[in-house]
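Take a look at the structure set out below.
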Amino acid sequence: MNFRTMNRSVILASVCLLLASKETVAFSPAKVSSRSQLVHSRQSPITTTLSSAVAPNEEEDFFRKSFILSADDINPLITLNKGPKEKIVNPFGVWTLIVSIITGPVWSFVMMVLNKLNNVFEDMDPNRAMYDGTGKVWSRVWLAMTDSYPTFSGEIDELRKGQGPCLYVANHASWLDIPVICTVLDPVFKFISKAELKSVPCIGQQLDGGNHILIDREDRRSQLKTFKDGCNWLKNGIPLMAFPEGQRSPDGRLMEFKGGIFSMAVREKVPIIPISIANTHAVMPGNALFPVQPGKGKLHVHVHPKIETEGKSEAELAELVRTALLSKLPEDQHPLPQIEEEIMGQLEAESEEAKKAEAKV
């Protein structure tokens, strides 16, 4: 293939990716009983393909069922290392790798072109909305091609209309959480992410070129810069997206939140919107380099009503967010009872201390 032909192929693939961004699927697990009841918010040539993502008939059954595969069911082809650092790849993982090899270079190329255009025409995309849109397109295409497009419930329509400045927060159980969350957050937003993700192919390019907020938790200056940058985005009307646990849960169960994650929302008096992401830990567990099974009928996103921050302490907000997230997570993503009691007890104690401090003032 000569250079001119290759260029045409890349451009054609880029157009296909952009067209694919028009598709979204939304439904409530509690109400859907057949494929014909799926609600498509938009029509596109790939509607039939994406409509195959169907949740169980009963919401209660869905949240009680575990989709985690046994080691025999995963059937790894490759096992790297042993113990805590073990990484596996099974036949389905090989397919997702192939999809990544096909789509990744196209995504990277489009980002490179847009970045050059942004450098020449500074006012073309000041918030990098178009640039970030490439990641949302890639996420939808990749999930569709791997038969893993999620289903949705909750405040979907309100969220896609745009909430103005706010803080989105979600549980974090897998690498898949990033593409999954990008299927539901249509308006431009900025991730608060670990600085080391900058080295990950494509994702790092997206975070860096999109002016997302990269934080080094070991560096006090980085933390202060994160707070300042986050507040500036909120003042400019751009929402933020964060995982309050601060890291991926090793077993999918919701962990304790890191301190200070809600401080920017409190400072700017913007609402917090919790988002529950179900079963990414089962589709791509922590010891897998790539997903081990399709996400069809397993991956689900629930958008909760917004929580106003004015008049509430960070501890109170943490308790409200935690309760919301757990209300729409499967049982195997809930903390073990003893650990959850300790966490909630600590949050209640912090909330009481904050109230006493306010009373003294």
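Labels for the structure tokens follow display order: chains A, B, ..., residues from 1 in each chain, ligands from 1.
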
With the cut-off set at 6 Å and counting only C-alpha atoms, tabulate each residue of stretch 195-303 of chain A with an atom at most that distance from an atom of stretch 131-151 of chain A, showing the nearest atom pair and its distance in Å to one decimal, ordered by chain and increasing number, as JSON lines.
{"residue": "A:Gly210", "atom": "CA", "partner": "A:Asp132", "partner_atom": "CA", "distance": 5.9}
{"residue": "A:Pro294", "atom": "CA", "partner": "A:Ser148", "partner_atom": "CA", "distance": 5.2}
{"residue": "A:Gly295", "atom": "CA", "partner": "A:Ser148", "partner_atom": "CA", "distance": 3.8}
{"residue": "A:Lys296", "atom": "CA", "partner": "A:Ser148", "partner_atom": "CA", "distance": 4.7}
{"residue": "A:Leu299", "atom": "CA", "partner": "A:Pro150", "partner_atom": "CA", "distance": 4.7}
{"residue": "A:His300", "atom": "CA", "partner": "A:Thr151", "partner_atom": "CA", "distance": 4.8}

Name the residues of stretch 128-298 of chain A that come out as helix (DSSP H, G or I) in a backbone DSSP run; write them as a PyMOL selection string. chain A and resi 129-145+156-161+177-181+195-199+203-209+220-235+263-268+280-283

Just the residues within 7 Å of A:Ala288, please, counting only C-alpha atoms, with nothing from its chain fewer than 5 positions along; format it as an NGL selection string. :A and (87-89)

The selected residues should be written to file as a compact mmCIF listing (two decimals), in the first residue's frame (atoms: N, CA and C atoms).
# COMPACT_ATOMS: atom_id res chain seq x y z
N LYS A 87 -0.61 -11.45 35.05
CA LYS A 87 -1.40 -10.91 33.95
C LYS A 87 -1.70 -12.03 32.96
N ILE A 88 -2.97 -12.09 32.55
CA ILE A 88 -3.39 -13.16 31.66
C ILE A 88 -4.03 -12.61 30.39
N VAL A 89 -4.01 -13.44 29.34
CA VAL A 89 -4.70 -13.14 28.09
C VAL A 89 -5.39 -14.41 27.63

DSSP-assigned strand (DSSP E or B) among stretch 89-246 of chain A, expressed as a list in words: Val89, Thr151, Phe152, Ser153, Gly154, Leu167, Tyr168, Val169, Ala170, Lys190, Phe191, Ile192, Ser193, Lys194, Ile213, Leu214, Ile215, Leu240, Met241 and Ala242 of chain A

Can I get the selected residues back with all heavy atoms, as a short mmCIF file (atom, residue, chain, number, x, y, z; two decimals), in the first residue's frame?
data_model
loop_
_atom_site.label_atom_id
_atom_site.label_comp_id
_atom_site.auth_asym_id
_atom_site.auth_seq_id
_atom_site.Cartn_x
_atom_site.Cartn_y
_atom_site.Cartn_z
N VAL A 89 -4.01 -13.44 29.34
CA VAL A 89 -4.70 -13.14 28.09
C VAL A 89 -5.39 -14.41 27.63
O VAL A 89 -4.75 -15.46 27.51
CB VAL A 89 -3.71 -12.66 27.00
CG1 VAL A 89 -4.48 -12.36 25.71
CG2 VAL A 89 -2.92 -11.44 27.46
N THR A 151 -25.42 -0.76 28.77
CA THR A 151 -26.79 -0.26 28.80
C THR A 151 -26.88 0.79 29.90
O THR A 151 -26.01 0.86 30.78
CB THR A 151 -27.78 -1.39 29.05
OG1 THR A 151 -27.33 -2.16 30.18
CG2 THR A 151 -27.89 -2.30 27.84
N PHE A 152 -27.93 1.63 29.86
CA PHE A 152 -28.00 2.78 30.74
C PHE A 152 -29.35 2.88 31.44
O PHE A 152 -30.36 2.40 30.94
CB PHE A 152 -27.77 4.08 29.95
CG PHE A 152 -26.60 4.03 29.00
CD1 PHE A 152 -26.80 4.11 27.64
CD2 PHE A 152 -25.32 3.89 29.49
CE1 PHE A 152 -25.72 4.06 26.77
CE2 PHE A 152 -24.24 3.85 28.64
CZ PHE A 152 -24.43 3.93 27.27
N SER A 153 -29.35 3.57 32.57
CA SER A 153 -30.60 3.90 33.27
C SER A 153 -30.36 5.15 34.11
O SER A 153 -29.23 5.62 34.25
CB SER A 153 -31.06 2.73 34.16
OG SER A 153 -30.08 2.43 35.14
N GLY A 154 -31.44 5.69 34.66
CA GLY A 154 -31.31 6.88 35.49
C GLY A 154 -31.48 8.17 34.72
O GLY A 154 -32.22 8.23 33.74
N LEU A 167 -19.43 18.05 39.18
CA LEU A 167 -18.42 17.01 39.39
C LEU A 167 -19.08 15.66 39.22
O LEU A 167 -19.97 15.29 39.99
CB LEU A 167 -17.82 17.13 40.79
CG LEU A 167 -16.83 16.03 41.19
CD1 LEU A 167 -15.59 16.05 40.31
CD2 LEU A 167 -16.44 16.16 42.67
N TYR A 168 -18.70 14.93 38.17
CA TYR A 168 -19.14 13.55 37.99
C TYR A 168 -18.22 12.65 38.81
O TYR A 168 -16.99 12.82 38.78
CB TYR A 168 -19.06 13.12 36.53
CG TYR A 168 -19.87 13.96 35.56
CD1 TYR A 168 -19.23 14.66 34.53
CD2 TYR A 168 -21.25 14.03 35.63
CE1 TYR A 168 -19.95 15.40 33.62
CE2 TYR A 168 -21.98 14.79 34.73
CZ TYR A 168 -21.32 15.47 33.72
OH TYR A 168 -22.03 16.21 32.81
N VAL A 169 -18.79 11.70 39.52
CA VAL A 169 -17.97 10.73 40.26
C VAL A 169 -18.52 9.33 40.02
O VAL A 169 -19.74 9.14 39.93
CB VAL A 169 -17.94 11.03 41.78
CG1 VAL A 169 -17.18 12.31 42.05
CG2 VAL A 169 -19.34 11.12 42.36
N ALA A 170 -17.62 8.37 39.91
CA ALA A 170 -18.03 6.98 39.66
C ALA A 170 -17.11 6.02 40.40
O ALA A 170 -15.98 6.37 40.76
CB ALA A 170 -17.98 6.68 38.16
N LYS A 190 -13.63 17.13 31.86
CA LYS A 190 -12.21 16.89 32.06
C LYS A 190 -11.99 15.86 33.17
O LYS A 190 -12.55 15.97 34.26
CB LYS A 190 -11.48 18.19 32.43
CG LYS A 190 -11.56 19.26 31.34
CD LYS A 190 -10.96 18.78 30.02
CE LYS A 190 -11.22 19.76 28.89
NZ LYS A 190 -10.73 19.26 27.58
N PHE A 191 -11.19 14.84 32.86
CA PHE A 191 -10.84 13.82 33.83
C PHE A 191 -9.86 14.39 34.86
O PHE A 191 -8.97 15.18 34.52
CB PHE A 191 -10.16 12.63 33.15
CG PHE A 191 -11.09 11.56 32.68
CD1 PHE A 191 -11.24 11.30 31.32
CD2 PHE A 191 -11.80 10.78 33.58
CE1 PHE A 191 -12.08 10.30 30.87
CE2 PHE A 191 -12.64 9.78 33.14
CZ PHE A 191 -12.78 9.54 31.79
N ILE A 192 -9.99 13.96 36.11
CA ILE A 192 -8.93 14.11 37.10
C ILE A 192 -8.30 12.72 37.20
O ILE A 192 -8.92 11.78 37.68
CB ILE A 192 -9.48 14.56 38.47
CG1 ILE A 192 -10.19 15.91 38.34
CG2 ILE A 192 -8.36 14.65 39.49
CD1 ILE A 192 -10.87 16.36 39.61
N SER A 193 -7.05 12.60 36.74
CA SER A 193 -6.45 11.29 36.55
C SER A 193 -5.03 11.24 37.10
O SER A 193 -4.37 12.27 37.26
CB SER A 193 -6.46 10.95 35.05
OG SER A 193 -5.79 9.74 34.82
N LYS A 194 -4.57 10.04 37.36
CA LYS A 194 -3.19 9.85 37.80
C LYS A 194 -2.22 10.22 36.69
O LYS A 194 -2.44 9.90 35.52
CB LYS A 194 -2.96 8.40 38.22
CG LYS A 194 -3.74 7.97 39.44
CD LYS A 194 -3.36 6.57 39.89
CE LYS A 194 -3.74 5.53 38.85
NZ LYS A 194 -3.44 4.16 39.34
N ILE A 213 -6.72 16.96 33.76
CA ILE A 213 -5.98 17.26 34.99
C ILE A 213 -5.24 16.01 35.45
O ILE A 213 -5.86 15.00 35.82
CB ILE A 213 -6.93 17.75 36.09
CG1 ILE A 213 -7.69 19.00 35.61
CG2 ILE A 213 -6.18 18.04 37.38
CD1 ILE A 213 -8.80 19.43 36.54
N LEU A 214 -3.94 16.05 35.41
CA LEU A 214 -3.10 14.91 35.80
C LEU A 214 -2.47 15.21 37.15
O LEU A 214 -1.80 16.23 37.32
CB LEU A 214 -2.03 14.67 34.74
CG LEU A 214 -2.57 14.39 33.32
CD1 LEU A 214 -1.44 14.23 32.33
CD2 LEU A 214 -3.45 13.15 33.31
N ILE A 215 -2.66 14.31 38.10
CA ILE A 215 -2.23 14.54 39.47
C ILE A 215 -1.20 13.52 39.92
O ILE A 215 -1.33 12.32 39.64
CB ILE A 215 -3.43 14.54 40.44
CG1 ILE A 215 -2.97 14.78 41.87
CG2 ILE A 215 -4.23 13.25 40.33
CD1 ILE A 215 -4.10 14.96 42.87
N LEU A 240 -16.12 18.28 35.67
CA LEU A 240 -14.97 17.42 35.97
C LEU A 240 -15.46 16.00 36.20
O LEU A 240 -16.61 15.78 36.58
CB LEU A 240 -14.23 17.91 37.21
CG LEU A 240 -13.68 19.34 37.19
CD1 LEU A 240 -13.03 19.67 38.54
CD2 LEU A 240 -12.68 19.53 36.05
N MET A 241 -14.57 15.04 35.97
CA MET A 241 -14.90 13.62 36.20
C MET A 241 -13.80 13.01 37.05
O MET A 241 -12.62 13.13 36.72
CB MET A 241 -15.01 12.88 34.86
CG MET A 241 -15.07 11.37 34.97
SD MET A 241 -16.55 10.77 35.79
CE MET A 241 -15.93 9.29 36.59
N ALA A 242 -14.18 12.37 38.17
CA ALA A 242 -13.19 11.79 39.06
C ALA A 242 -13.67 10.45 39.60
O ALA A 242 -14.87 10.19 39.70
CB ALA A 242 -12.89 12.74 40.22
#

List the spatial neighbours of A:Asn90 as a ChimeraX atom specification - criterion: any atom at most 10 Å away, only C-alpha atoms, same-chain residues fewer than 6 positions off excluded. /A:73-79,288-293

Show me a table, sorted first by chain and then by increasing residue number, of the residues of stretch 286-315 of chain A having an atom at most 12 Å from stretch 256-261 of chain A, each with its shortest atom pair and the distance in Å to one decimal, counting only C-alpha atoms and written as a Markdown table.
| residue | atom | partner | partner_atom | distance |
| --- | --- | --- | --- | --- |
| A:Ser313 | CA | A:Gly260 | CA | 11.0 |
| A:Glu314 | CA | A:Gly260 | CA | 7.6 |
| A:Ala315 | CA | A:Gly259 | CA | 9.1 |

Deliver the residues from the most recent selection as a file, using N, CA and C atoms, as a PDB file, in the first residue's frame.
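Ended up saving to result_31.pdb:
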ATOM      1  N   SER A 313     -20.875  19.440  54.312  1.00  0.00           N
ATOM      2  CA  SER A 313     -19.446  19.202  54.481  1.00  0.00           C
ATOM      3  C   SER A 313     -18.986  18.125  53.508  1.00  0.00           C
ATOM      4  N   GLU A 314     -17.673  18.001  53.332  1.00  0.00           N
ATOM      5  CA  GLU A 314     -17.143  16.963  52.439  1.00  0.00           C
ATOM      6  C   GLU A 314     -17.478  15.572  52.957  1.00  0.00           C
ATOM      7  N   ALA A 315     -17.486  15.399  54.286  1.00  0.00           N
ATOM      8  CA  ALA A 315     -17.835  14.103  54.861  1.00  0.00           C
ATOM      9  C   ALA A 315     -19.292  13.743  54.570  1.00  0.00           C
TER      10      ALA A 315
END

Just the number, please: distance in Å from atom CA of A:Leu224 to atom CA of A:Pro244, one decimal. 17.0 Å

Counting only C-alpha atoms, which of A:His302, A:Arg253, A:Lys65, A:His212 gets nearest to A:Asn127? A:His212

Pick out the closest residue to A:Lys269 from this set: A:Val303, A:Ala195, A:Cys166, A:Ile156. Count only C-alpha atoms.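 Closest residue, counting only C-alpha atoms: A:Cys166.
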
Point out the residue among A:Leu176, A:Pro126, A:Val188, A:Asp208 with the least atom-to-atom distance to A:Gly162, counting only C-alpha atoms.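 The shortest atom-to-atom distance to A:Gly162 comes from A:Val188.
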
For a quick check of understanding, using only C-alpha atoms, which of A:Phe189, A:Trp95, A:Phe109, A:Phe262 has the smallest distance to A:Phe227?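 Among A:Phe189, A:Trp95, A:Phe109, A:Phe262, it is A:Phe262 that comes nearest to A:Phe227.
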
Do you know which residues are at most 9 Å from A:His334 counting only C-alpha atoms, after dropping those on the same chain fewer than 2 positions away, and could you put them as a ChimeraX atom specification? /A:252-255,326,329-332,336-337,340

A straight line from atom CA of A:Asn236 to atom CA of A:Arg267 spans 14.1 Å
